[in-house]
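Below is one structure, written out as structure tokens; the observations come after it.
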Amino acid sequence: MSKTCEISVTVNGTTHRAAVEPRLLLSDFLRHTLGLTGTHVGCEHGVCGACTVLVDGDSARACLMFAVQADGRSIETIESLGRIGQMNALQESFHEHHALQCGFCTPGMLMTATDLLRKYPLASDDDIRKGLSGNLCRCTGYEHIVRAIRAVVGKTQERP
């Protein structure tokens, strides 16, 4: 039996305390310990971006981070954005612009886009494409994803 470490992590606004093995990945902690299966695990090498979450407001690959590294930190997962019938503006825009097909990459795309929208003006579609360049989608060709994000940028810029 491996030694465990006590961690305290705030996930989507709720603090969780748990004893975890030092080698437990954050993605596995979120999915298996907390039951937050919206964080997808694709390549397990940090290449695809499907497991992207926000750690203290910055996008991070949950498959490249150990749960013990999240001790004392704040994590936002796809479950923090909204639910069916109560989707946030970005989720609604993905729906309206058909920015998903199989849906496997969608949680990572949404979390990356959330980070981008919070931090950058995204003045052009090229800015959006550069921001998404670490996330892979094998279905959409990205055009609809870029349109969906552009629509949200337009809405946030229209506010007084």
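By order in the structure tokens, chains are A, B, ...; within a chain, residues start at 1; ligands start at 1, following the order shown.
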Near Met87 (chain A), within 12 Å and counting only C-alpha atoms, which residues show up once chain neighbours fewer than 6 positions away are dropped, as a count of residues only? 9
If you run DSSP over the backbone, which residues in region 35-73 of chain A end up strand (DSSP E)? Put them as a PDB file with C-alpha atoms, in the first residue's frame.
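Dumped to part_12.pdb:
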```pdb
ATOM      1  CA  THR A  52      -8.108  21.233 -19.686  1.00  0.00           C
ATOM      2  CA  VAL A  53      -9.276  22.752 -16.410  1.00  0.00           C
ATOM      3  CA  LEU A  54      -8.596  26.123 -14.805  1.00  0.00           C
ATOM      4  CA  VAL A  55      -6.195  26.116 -11.855  1.00  0.00           C
ATOM      5  CA  ASP A  58      -5.148  29.595 -15.564  1.00  0.00           C
ATOM      6  CA  SER A  59      -5.769  26.779 -18.015  1.00  0.00           C
ATOM      7  CA  ALA A  60      -3.875  23.599 -17.189  1.00  0.00           C
ATOM      8  CA  ARG A  61      -3.800  20.004 -18.375  1.00  0.00           C
TER       9      ARG A  61
END
```
My list of candidates is A:Ile7, A:Met109, A:Ala99, A:Leu122. Which is closest to Arg73 (chain A) when distances are computed with only C-alpha atoms? A:Ile7
Between CA of His40 (chain A) and CA of Met111 (chain A), measure the distance and give it in Å to one decimal. 11.6 Å
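Minimum atom-to-atom distances from A:Leu36, A:Leu26, A:Cys102, A:Leu117 to Ile149 (chain A) were compared using only C-alpha atoms, and the lowest value belongs to A:Leu117.
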Just list the residues in region 18-123 of chain A DSSP gives alpha helix (DSSP H) on the backbone, as an MDAnalysis selection string. chainID A and resid 26:28 89:96 106:119
Convert the current residue selection to file output with N, CA, C and O atoms, as a short mmCIF file (atom, residue, chain, number, x, y, z; two decimals), in the first residue's frame.
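selection27.cif, freshly written:
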```cif
data_model
loop_
_atom_site.label_atom_id
_atom_site.label_comp_id
_atom_site.auth_asym_id
_atom_site.auth_seq_id
_atom_site.Cartn_x
_atom_site.Cartn_y
_atom_site.Cartn_z
N LEU A 26 -4.43 14.63 -11.39
CA LEU A 26 -5.57 15.49 -11.12
C LEU A 26 -6.79 15.05 -11.93
O LEU A 26 -7.91 15.05 -11.42
N SER A 27 -6.58 14.65 -13.18
CA SER A 27 -7.70 14.18 -14.00
C SER A 27 -8.39 12.99 -13.36
O SER A 27 -9.63 12.91 -13.33
N ASP A 28 -7.63 12.05 -12.82
CA ASP A 28 -8.22 10.88 -12.16
C ASP A 28 -8.90 11.27 -10.84
O ASP A 28 -9.95 10.72 -10.49
N ALA A 89 -23.09 31.74 -21.50
CA ALA A 89 -23.09 32.34 -22.84
C ALA A 89 -22.20 31.58 -23.81
O ALA A 89 -22.55 31.40 -24.98
N LEU A 90 -21.05 31.11 -23.34
CA LEU A 90 -20.14 30.38 -24.21
C LEU A 90 -20.73 29.03 -24.62
O LEU A 90 -20.69 28.65 -25.80
N GLN A 91 -21.31 28.32 -23.69
CA GLN A 91 -21.95 27.04 -24.02
C GLN A 91 -23.10 27.26 -24.99
O GLN A 91 -23.27 26.49 -25.94
N GLU A 92 -23.90 28.28 -24.74
CA GLU A 92 -25.01 28.60 -25.66
C GLU A 92 -24.49 28.89 -27.06
O GLU A 92 -25.07 28.45 -28.05
N SER A 93 -23.41 29.63 -27.13
CA SER A 93 -22.84 29.98 -28.42
C SER A 93 -22.30 28.75 -29.14
O SER A 93 -22.46 28.61 -30.36
N PHE A 94 -21.67 27.84 -28.41
CA PHE A 94 -21.21 26.59 -29.03
C PHE A 94 -22.41 25.84 -29.61
O PHE A 94 -22.34 25.30 -30.71
N HIS A 95 -23.50 25.83 -28.88
CA HIS A 95 -24.71 25.16 -29.35
C HIS A 95 -25.26 25.86 -30.60
O HIS A 95 -25.56 25.21 -31.61
N GLU A 96 -25.40 27.16 -30.52
CA GLU A 96 -25.99 27.93 -31.63
C GLU A 96 -25.15 27.87 -32.91
O GLU A 96 -25.70 27.89 -34.00
N THR A 106 -14.91 19.01 -26.52
CA THR A 106 -15.69 20.19 -26.12
C THR A 106 -15.37 20.70 -24.72
O THR A 106 -15.19 21.92 -24.55
N PRO A 107 -15.29 19.86 -23.68
CA PRO A 107 -14.97 20.42 -22.36
C PRO A 107 -13.64 21.17 -22.34
O PRO A 107 -13.55 22.27 -21.78
N GLY A 108 -12.62 20.60 -22.96
CA GLY A 108 -11.32 21.28 -23.02
C GLY A 108 -11.38 22.56 -23.82
O GLY A 108 -10.76 23.57 -23.46
N MET A 109 -12.11 22.53 -24.94
CA MET A 109 -12.27 23.74 -25.76
C MET A 109 -12.98 24.83 -24.96
O MET A 109 -12.57 26.00 -24.98
N LEU A 110 -14.05 24.47 -24.26
CA LEU A 110 -14.80 25.45 -23.48
C LEU A 110 -13.96 26.03 -22.34
O LEU A 110 -14.01 27.24 -22.08
N MET A 111 -13.18 25.20 -21.67
CA MET A 111 -12.36 25.70 -20.57
C MET A 111 -11.23 26.58 -21.09
O MET A 111 -10.93 27.63 -20.51
N THR A 112 -10.63 26.20 -22.20
CA THR A 112 -9.60 27.04 -22.81
C THR A 112 -10.19 28.37 -23.26
O THR A 112 -9.63 29.43 -23.01
N ALA A 113 -11.35 28.31 -23.91
CA ALA A 113 -12.01 29.53 -24.37
C ALA A 113 -12.41 30.42 -23.19
O ALA A 113 -12.30 31.65 -23.27
N THR A 114 -12.83 29.83 -22.09
CA THR A 114 -13.16 30.60 -20.89
C THR A 114 -11.94 31.37 -20.42
O THR A 114 -12.02 32.57 -20.12
N ASP A 115 -10.80 30.70 -20.37
CA ASP A 115 -9.55 31.35 -19.98
C ASP A 115 -9.20 32.48 -20.95
O ASP A 115 -8.88 33.60 -20.53
N LEU A 116 -9.31 32.21 -22.24
CA LEU A 116 -9.00 33.23 -23.25
C LEU A 116 -9.91 34.45 -23.11
O LEU A 116 -9.45 35.59 -23.17
N LEU A 117 -11.21 34.20 -22.97
CA LEU A 117 -12.18 35.30 -22.87
C LEU A 117 -11.95 36.15 -21.63
O LEU A 117 -12.19 37.36 -21.66
N ARG A 118 -11.49 35.56 -20.56
CA ARG A 118 -11.24 36.30 -19.33
C ARG A 118 -9.99 37.17 -19.42
O ARG A 118 -9.90 38.19 -18.73
N LYS A 119 -9.02 36.76 -20.25
CA LYS A 119 -7.71 37.40 -20.21
C LYS A 119 -7.34 38.24 -21.42
O LYS A 119 -6.47 39.10 -21.32
#
```
Close residues, Thr140 (chain A) itself excluded, 10 Å, only C-alpha atoms, min 5 positions apart in chain, as a PyMOL selection string: chain A and resi 98-103+145
Have a look at CA of Glu76 (chain A) and CA of Ala62 (chain A) and let me know their distance in Å, one decimal. 10.9 Å
Between A:Ser124, A:Thr33, A:Asn88, A:Ser133, which one has atoms that come closest to Val11 (chain A), using only C-alpha atoms? A:Thr33
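Considering only C-alpha atoms, the residue among A:Val146, A:Pro22, A:Leu30, A:Gly134 positioned nearest to Gly46 (chain A) is A:Gly134.
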May I have the residues within 10 Å of Lys3 (chain A) as a tab-separated table (two decimals) with C-alpha atoms, in the first residue's frame, using only C-alpha atoms and disregarding those fewer than 4 positions away in the same chain?
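To be explicit, this is the file written out as part.tsv:
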```
chain	number	residue	atom	x	y	z
A	19	ALA	CA	-6.16	11.35	1.19
A	20	VAL	CA	-4.56	10.64	-2.18
A	21	GLU	CA	-1.57	8.72	-3.43
A	22	PRO	CA	1.20	11.09	-4.53
```
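The spacing separating CA of Ala123 (chain A) from CA of Gly49 (chain A) amounts to 23.0 Å.
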Restricting the calculation to only C-alpha atoms, which member of A:Val9, A:Cys137, A:Gly82, A:Glu44 is positioned closest to Gln69 (chain A)? A:Val9
